[in-house]
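Notes for the one structure printed next.
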Amino acid sequence: MITRRLLLKKSLVLTSLLQTGVFKTLMAADGAGRFKIGACDWSIGKGSNIGAFEVAKTIGLEGIMVDMGSVENNLHIRQKEIQDAYLKTSAQTGIAISSLAMGIYNRVPFHSDDRVQEWVKGSIDAAKNLKVKVLLLAFFNASDLRNDDARKAAAIKHLRALMPYAEAKGIVLGIESYLDAKEHMEIIDKVGSKNLKVYFDFRNTADAGHDPIAEFKKLGKDLVCELHMKENGFLLDKGTVNWKGVSEAIYQTGYKGNGWMQIEGAIPKGGDTVESYRHNLAYLQKLFNK
């Protein structure tokens, strides 16, 4: 029989655990709040190259974000034989394929190129075959949407046509851009699909003149699919992004996303890629996987 005294004792013990942080540690050990940490293959010198697995293994990462390829190789990750090779190498190295990216739209305009539907659908198929859930669409340079309503309208038209296919395959499309949270939410609302989300990059958001922590909180835990952890020309703890504040915001909002965060860049001038990424990995593990 549970007495009032026993209940009070258990309550005091739980309160003590919460105050000392032990409870959070125990929850983390059980997998709660833990993030898997990978890297973008292009940022470790192996963009759309199967050699990225070995570099990631040398660093100690858990996975890689794979770029779909270029115009020159016709987005070669769409080819079944290359997908099979990637799956085989992933199994051999123990390095997961965490997500896919279409960086091609930095060079080719998403809003006006005739190949958008074909390319994105083929990349959705690749994501399904490679057993990943997130496909990033990069909206920079040739596809930058800032201050251009015509480009936004064209992008929304394409996305409306593509989302039923993505939904049927169980793939989330992640918009990565310089737009603020409000603009991203407007696009998602106009497209009208639960499988369209924001691929959030704290450094890019700061470079666009926005407060990255405030913007992340505005989007909330349900509209962000995955995270880029990046500094330009600096290690993660040596740049200007408040990564401790980022960590607090992520845990305060209850954000999980797809469970992955990807290191991108964060190498000082003249720095060694492997050593820089080992440093960045250890820093993120300290912040997020205590």
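Please note that chains go A, B, ... in the order of the structure tokens, that every chain numbers its residues from 1, and that ligands are numbered from 1 in the order shown.
The protein and nucleic acid residues lying at most 9 Å from Gly45 in chain A are Asp41, Asn49, Ala52, Val55 and Thr273 of chain A, with only C-alpha atoms considered and sequence neighbours fewer than 4 positions away removed.
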Hey, can you spit out that residue selection with N, CA and C atoms as a compact mmCIF listing (two decimals), in the first residue's frame?
```txt
# COMPACT_ATOMS: atom_id res chain seq x y z
N ASP A 41 28.12 16.21 -47.52
CA ASP A 41 29.26 15.61 -48.22
C ASP A 41 30.13 16.64 -48.93
N ASN A 49 29.94 12.31 -53.89
CA ASN A 49 31.03 11.36 -54.11
C ASN A 49 30.99 10.30 -53.02
N ALA A 52 32.78 10.10 -49.52
CA ALA A 52 32.38 10.83 -48.31
C ALA A 52 32.22 9.91 -47.11
N VAL A 55 35.59 9.49 -45.28
CA VAL A 55 35.98 10.73 -44.59
C VAL A 55 35.14 10.90 -43.33
N THR A 273 40.43 19.81 -42.69
CA THR A 273 39.02 19.43 -42.67
C THR A 273 38.71 18.42 -41.58
```
With only C-alpha atoms as the counted atoms, please give the residues lying no more than 12 Å from Leu179 in chain A, apart from itself and same-chain residues fewer than 6 positions off, as a PyMOL selection string. chain A and resi 138-140+143-148+152+185-187+198-201+204-212+215
When DSSP works through the backbone of this structure, what residues of range 45-276 of chain A end up as alpha helix (DSSP H), shown as a PyMOL selection string? chain A and resi 52-59+80-93+116-129+149-169+181-191+202-207+212-219+243-253+273-276
If you count only C-alpha atoms, which residues fall within 8 Å of Tyr255 in chain A, apart from same-chain ones fewer than 4 positions away, as a list in words?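 With the cut-off at 8 Å, the set is Gly220, Lys221, Asp222, Ile250 and Tyr251 of chain A.
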Separation of CA of Thr240 in chain A from CA of Ile64 in chain A, in Å and rounded to one decimal: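 Distance between the two atoms: 25.0 Å.
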Would you list the contacts of Ala127 in chain A as a VMD selection string, taking every protein, DNA or RNA residue within 12 Å and counting only C-alpha atoms, but skipping same-chain residues closer than 3 positions in sequence? chain A and resid 65 to 68 77 to 80 83 86 to 87 97 to 102 120 to 124 130 to 136 166 169 to 173
Give me, as a PyMOL selection string, all polymer residues having an atom no more than 10 Å from Lys218 in chain A, counting only C-alpha atoms and skipping those fewer than 5 positions away in the same chain. chain A and resi 180-182+185+212-213+223+253
Among listed residues A:Lys46, A:His228, A:Lys157, A:Arg151, nearest Leu284 in chain A (using only C-alpha atoms): A:His228
